[in-house]
Structures are given as C-alpha cells and as structure tokens.
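Engineer: Quick one: this structure, given as structure tokens, is what I'll be asking you about.
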Amino acid sequence: MGFDKLFAPLAGKPVIAHTIDAFERTSCVDQIILVGRNDSLAELCKIVGQQTKVRQVVAGGTLRQDSVRAGLGHVDPKADFVAVHDAARPLITPEKITLVFEICRTHGAAALAEPITDTLKRADVDLVVSESVDRHQLFTMQTPQIFARKLLVEAYETVAAKNISVTDEVSAVEHLGRKVVLVPNQDFNFKITYPRDLSLAEFVFKQRAANN
C-alpha cells in the first residue's frame with residue numbers, strides 16, 4: 001500500500017483519531033479498547049492522549065478474528081453489549097453508532113450496511129462474465145457491528161473451536177444460527193484503503209462542518 005492508513009493525516013489529525021473521537025462523543029459507549037499491531041502500540045498510545053473512554057491499547061493477532069478476540073478479553077465483564085469497528089472508517093458518526101446500538105439492544109445483534117446499487121456480474125477465472133447477480137436485498141457490510149457481549153464471545157469461541165475463518169463479526173454470529181439485523185446506511189462510511197480515499201474523506205468532513 002505504501003502508507004499506514006491509520007496514522008495518515010486527515011483534516012488535521014490521524015485517521016484513527018477521528019474514529020476514536022466519534023465513539024468518545026457517543027453516550028451509549030462507556031469504554032474503548034484499541035487493538036493494533038505490536039509495532040503500532042506506542043504510536044496509538046500517543047494519539048489516545050486525553051481521550052477519557054480509552055481503557056486499554058492491546059496487541060492484536062494475525063487475522064481480524066484474532067484481534068477481535070484479543071479485544072474481547074479486555075472488555076469489562078459487566079458490559080452488556082460490544083461494538084466492533086474498523087479503525088480505518090473515520091467517517092462514522094455518533095448518531096450512526098447510537099442507531100445501531102438501539103437496534104442491537106432490541107434484537108441482540110445489529111450491523112451497519114450499505115445497500116448495493118451497482119450492477120453485479122460474476123466472472124470465471126479468465127475474467128469473462130458468466131452471469132448477472134441480482135442485487136436486490138444485497139448489502140456491503142460496514143461497521144460498527146454491535147452485539148450482546150455474551151453472544152459475540154460465544155460466536156468467536158465457536159469459530160475458534162471449529163477452526164473457521166471469518167471476515168467479520170456478523171459471519172461469526174451466523175455460525176451460531178442467530179439473526180443479525182442490518183441497519184441501512186446511505187451516509188459516507190467507507191474504509192480508508194488507498195491514499196486517494198483521504199481526499200474524499202477530507203471533502204466529506206468539510207461538507208459536514210459547513211452544514212453544521
């Protein structure tokens with residue numbers, strides 16, 4: 001990639017600082033556990049600074065599921081719910097976090113997702129189109145994904161016991177046969193993946209500031 005997306009400057013501060021700030025300003029969040037690479041922990045601690053809800057900064061694992069399990073091990077056992085969020089999604093807002101939490105509180109599991117509007121095609125190994133894919137009721141998953149704490153712990157214990165690889169928490173909970181309610185999102189909440197994404201995120205922040 002050529003750049004560290006979490007520490008890349010965005011609207012005057014690192015990408016991850018915006019992400020942390022959104023959760024800091026959310027009344028339904030009591031504590032934040034940051035999970036990062038071993039070689040990034042010192043830098044994360046510097047960025048945390050005076051953030052009052054960040055309780056710990058811990059090392060993650062090789063896979064996303066390993067990192068989430070590491071974070072879960074540091075969550076207050078008295079916590080009823082746990083939100084998992086990609087640090088590289090700095091455009092998340094307190095309002096969206098709260099909305100997903102309210103749905104989760106009713107159903108036990110909820111996740112932010114964006115309805116797919118593009119035309120979808122399936123291709124073979126030679127990249128020749130083999131068929132069209134009906135986009136009706138298809139979504140791209142986002143975060144936060146929020147769950148009853150005991151449910152998420154059980155889901156990851158099951159995934160680990162069966163040696164299953166999952167790419168997000170919804171997938172882990174699906175293996176328990178439990179339902180997850182999607183919360184459609186039409187606001188910007190993309191993941192910073194390429195340097196070009198920073199320019200678009202900067203524009204979004206400026207537009208939000210102008211509209212407030």
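Ligands are numbered from 1 in the order shown, chains are lettered A, B, ... in the order of the structure tokens, and residues start at 1 in each chain.
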Set the distance at 12 Å and use only C-alpha atoms: which residues neighbour stretch 123-140 of chain A once local chain neighbours fewer than 6 positions away are removed? I'd like the list as an NGL selection string.

Structural biologist: :A and (111-117 or 168 or 170 or 181-186 or 189-191)

Engineer: For the interface of stretch 123-169 of chain A with stretch 74-90 of chain A (cut-off 8 Å, counting only C-alpha atoms), please tabulate each contacting residue of stretch 123-169 of chain A alongside its nearest pair of atoms and their separation in Å to one decimal, rows sorted by chain and increasing number, as a Markdown table.

Structural biologist:
| residue | atom | partner | partner_atom | distance |
| --- | --- | --- | --- | --- |
| A:Thr143 | CA | A:His85 | CA | 5.0 |
| A:Pro144 | CA | A:His85 | CA | 4.5 |
| A:Gln145 | CA | A:Val84 | CA | 5.4 |
| A:Ile146 | CA | A:Ala83 | CA | 4.2 |
| A:Phe147 | CA | A:Val82 | CA | 5.5 |
| A:Ala148 | CA | A:Phe81 | CA | 4.3 |
| A:Arg149 | CA | A:Phe81 | CA | 4.6 |
| A:Lys150 | CA | A:Asp80 | CA | 7.6 |
| A:Leu152 | CA | A:Val82 | CA | 7.8 |
| A:Glu169 | CA | A:Val84 | CA | 7.8 |

Engineer: I'd like the contact shell of A:Leu10 - 7 Å cut-off, only C-alpha atoms, skipping same-chain residues fewer than 3 positions apart - returned as a PyMOL selection string.

Structural biologist: chain A and resi 13-15+198+202

Engineer: Go ahead and write the selection's residues with N, CA, C and O atoms as a short mmCIF file (atom, residue, chain, number, x, y, z; two decimals), in the first residue's frame.

Structural biologist:
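The file below, part-v9.cif, is the result:
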data_model
loop_
_atom_site.label_atom_id
_atom_site.label_comp_id
_atom_site.auth_asym_id
_atom_site.auth_seq_id
_atom_site.Cartn_x
_atom_site.Cartn_y
_atom_site.Cartn_z
N LYS A 13 -5.66 15.70 11.79
CA LYS A 13 -5.22 14.70 12.76
C LYS A 13 -5.23 13.31 12.12
O LYS A 13 -5.81 13.14 11.03
N PRO A 14 -4.62 12.33 12.74
CA PRO A 14 -4.56 11.00 12.14
C PRO A 14 -5.95 10.39 11.93
O PRO A 14 -6.88 10.69 12.68
N VAL A 15 -6.05 9.54 10.94
CA VAL A 15 -7.31 8.88 10.62
C VAL A 15 -7.94 8.26 11.87
O VAL A 15 -9.12 8.46 12.16
N LEU A 198 -8.25 9.48 1.12
CA LEU A 198 -8.07 10.57 2.08
C LEU A 198 -8.65 11.88 1.56
O LEU A 198 -9.24 12.65 2.31
N GLU A 202 -11.58 13.94 3.37
CA GLU A 202 -11.36 15.35 3.73
C GLU A 202 -12.52 16.21 3.24
O GLU A 202 -13.02 17.07 3.96
#

Engineer: Using DSSP on the backbone coordinates, identify all residues within stretch 4-168 of chain A classified as helix (DSSP H, G or I); present the result as a VMD selection string.

Structural biologist: chain A and resid 5 to 7 15 to 24 38 to 48 64 to 72 94 to 107 149 to 161

Engineer: Those same residues - C-alpha atoms - I'd like them written as an mmCIF file, in the first residue's frame.

Structural biologist:
data_model
loop_
_atom_site.group_PDB
_atom_site.id
_atom_site.type_symbol
_atom_site.label_atom_id
_atom_site.label_comp_id
_atom_site.auth_asym_id
_atom_site.auth_seq_id
_atom_site.Cartn_x
_atom_site.Cartn_y
_atom_site.Cartn_z
ATOM 1 C CA LYS A 5 -3.722 4.380 6.675
ATOM 2 C CA LEU A 6 -4.492 4.610 10.405
ATOM 3 C CA PHE A 7 -1.857 7.251 11.006
ATOM 4 C CA VAL A 15 -7.315 8.878 10.625
ATOM 5 C CA ILE A 16 -7.723 6.788 13.765
ATOM 6 C CA ALA A 17 -8.113 9.890 15.930
ATOM 7 C CA HIS A 18 -11.333 10.754 14.077
ATOM 8 C CA THR A 19 -12.616 7.225 14.631
ATOM 9 C CA ILE A 20 -11.885 7.340 18.354
ATOM 10 C CA ASP A 21 -13.483 10.774 18.647
ATOM 11 C CA ALA A 22 -16.797 9.534 17.200
ATOM 12 C CA PHE A 23 -17.044 6.850 19.884
ATOM 13 C CA GLU A 24 -15.891 9.289 22.585
ATOM 14 C CA ASN A 38 2.564 -4.750 18.020
ATOM 15 C CA ASP A 39 4.688 -2.173 16.230
ATOM 16 C CA SER A 40 1.919 0.445 16.370
ATOM 17 C CA LEU A 41 1.006 0.309 20.067
ATOM 18 C CA ALA A 42 3.362 3.103 21.157
ATOM 19 C CA GLU A 43 2.016 5.423 18.449
ATOM 20 C CA LEU A 44 -1.567 4.547 19.360
ATOM 21 C CA CYS A 45 -0.891 5.410 22.995
ATOM 22 C CA LYS A 46 0.395 8.828 21.926
ATOM 23 C CA ILE A 47 -2.711 9.505 19.855
ATOM 24 C CA VAL A 48 -5.061 8.461 22.646
ATOM 25 C CA ARG A 64 -9.193 -9.923 12.199
ATOM 26 C CA GLN A 65 -10.930 -12.585 14.272
ATOM 27 C CA ASP A 66 -7.780 -12.999 16.370
ATOM 28 C CA SER A 67 -7.663 -9.262 17.019
ATOM 29 C CA VAL A 68 -11.329 -9.075 17.973
ATOM 30 C CA ARG A 69 -10.926 -11.977 20.387
ATOM 31 C CA ALA A 70 -7.933 -10.191 21.905
ATOM 32 C CA GLY A 71 -10.036 -7.091 22.421
ATOM 33 C CA LEU A 72 -12.942 -9.056 23.860
ATOM 34 C CA PRO A 94 -22.075 9.264 16.947
ATOM 35 C CA GLU A 95 -25.597 9.265 15.506
ATOM 36 C CA LYS A 96 -24.974 6.138 13.406
ATOM 37 C CA ILE A 97 -23.293 4.350 16.310
ATOM 38 C CA THR A 98 -26.269 5.126 18.523
ATOM 39 C CA LEU A 99 -28.743 3.980 15.869
ATOM 40 C CA VAL A 100 -27.040 0.587 15.501
ATOM 41 C CA PHE A 101 -26.857 0.248 19.277
ATOM 42 C CA GLU A 102 -30.598 0.862 19.669
ATOM 43 C CA ILE A 103 -31.372 -1.845 17.101
ATOM 44 C CA CYS A 104 -28.957 -4.202 18.822
ATOM 45 C CA ARG A 105 -30.496 -3.558 22.209
ATOM 46 C CA THR A 106 -33.811 -4.788 20.800
ATOM 47 C CA HIS A 107 -32.572 -7.721 18.720
ATOM 48 C CA ARG A 149 -21.375 -9.358 24.651
ATOM 49 C CA LYS A 150 -22.133 -12.966 25.602
ATOM 50 C CA LEU A 151 -23.355 -13.693 22.071
ATOM 51 C CA LEU A 152 -20.195 -12.362 20.450
ATOM 52 C CA VAL A 153 -17.954 -14.212 22.901
ATOM 53 C CA GLU A 154 -19.813 -17.452 22.191
ATOM 54 C CA ALA A 155 -19.610 -16.853 18.444
ATOM 55 C CA TYR A 156 -15.847 -16.438 18.482
ATOM 56 C CA GLU A 157 -15.355 -19.378 20.817
ATOM 57 C CA THR A 158 -17.297 -21.487 18.316
ATOM 58 C CA VAL A 159 -15.307 -20.157 15.368
ATOM 59 C CA ALA A 160 -12.047 -20.917 17.148
ATOM 60 C CA ALA A 161 -13.151 -24.405 18.218
#

Engineer: When DSSP works through the backbone of this structure, what residues of stretch 38-210 of chain A end up as strand (DSSP E), shown as number ranges by chain?

Structural biologist: A: 54-59, 81-84, 109-115, 120-123, 129-133, 139-148, 181-184

Engineer: Do a neighbour search on A:Arg178 at 9 Å with only C-alpha atoms, toss out local chain neighbours closer than 3 positions, and write the hits as a PyMOL selection string.

Structural biologist: chain A and resi 109+151+173-175

Engineer: For the atom pair atom CA of A:Arg208 and atom CA of A:Met141, what is the interatomic distance in Å to one decimal place?

Structural biologist: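 It comes out at 23.1 Å.
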
Engineer: Suppose you want the space between atom CA of A:Tyr194 and atom CA of A:Pro9; what is it in Å?

Structural biologist: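 Spanning atom CA of A:Tyr194 to atom CA of A:Pro9 is a straight-line distance of 13.1 Å.
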
Engineer: Between atom CA of A:Gly60 and atom CA of A:Thr26, what distance in Å does the model show, to one decimal?

Structural biologist: 24.3 Å

Engineer: Under the rule that only C-alpha atoms are counted, which of A:Leu176, A:Ala8, A:Val57, A:Ala209 is the nearest residue to A:Pro195?

Structural biologist: A:Ala8

Engineer: From the list A:Thr193, A:Asp187, A:Thr119, A:Asn211, which residue is nearest A:Ile92 when using only C-alpha atoms?

Structural biologist: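 Between A:Thr193, A:Asp187, A:Thr119, A:Asn211, the residue approaching A:Ile92 most closely is A:Asp187.
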
Engineer: Name the closest residue to A:Ile33 among the candidates A:Val180, A:Ala110, A:Ala59, A:Ala11; distances are taken between atoms, counting only C-alpha atoms.

Structural biologist: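 Comparing A:Val180, A:Ala110, A:Ala59, A:Ala11 against A:Ile33, the winner is A:Ala59.
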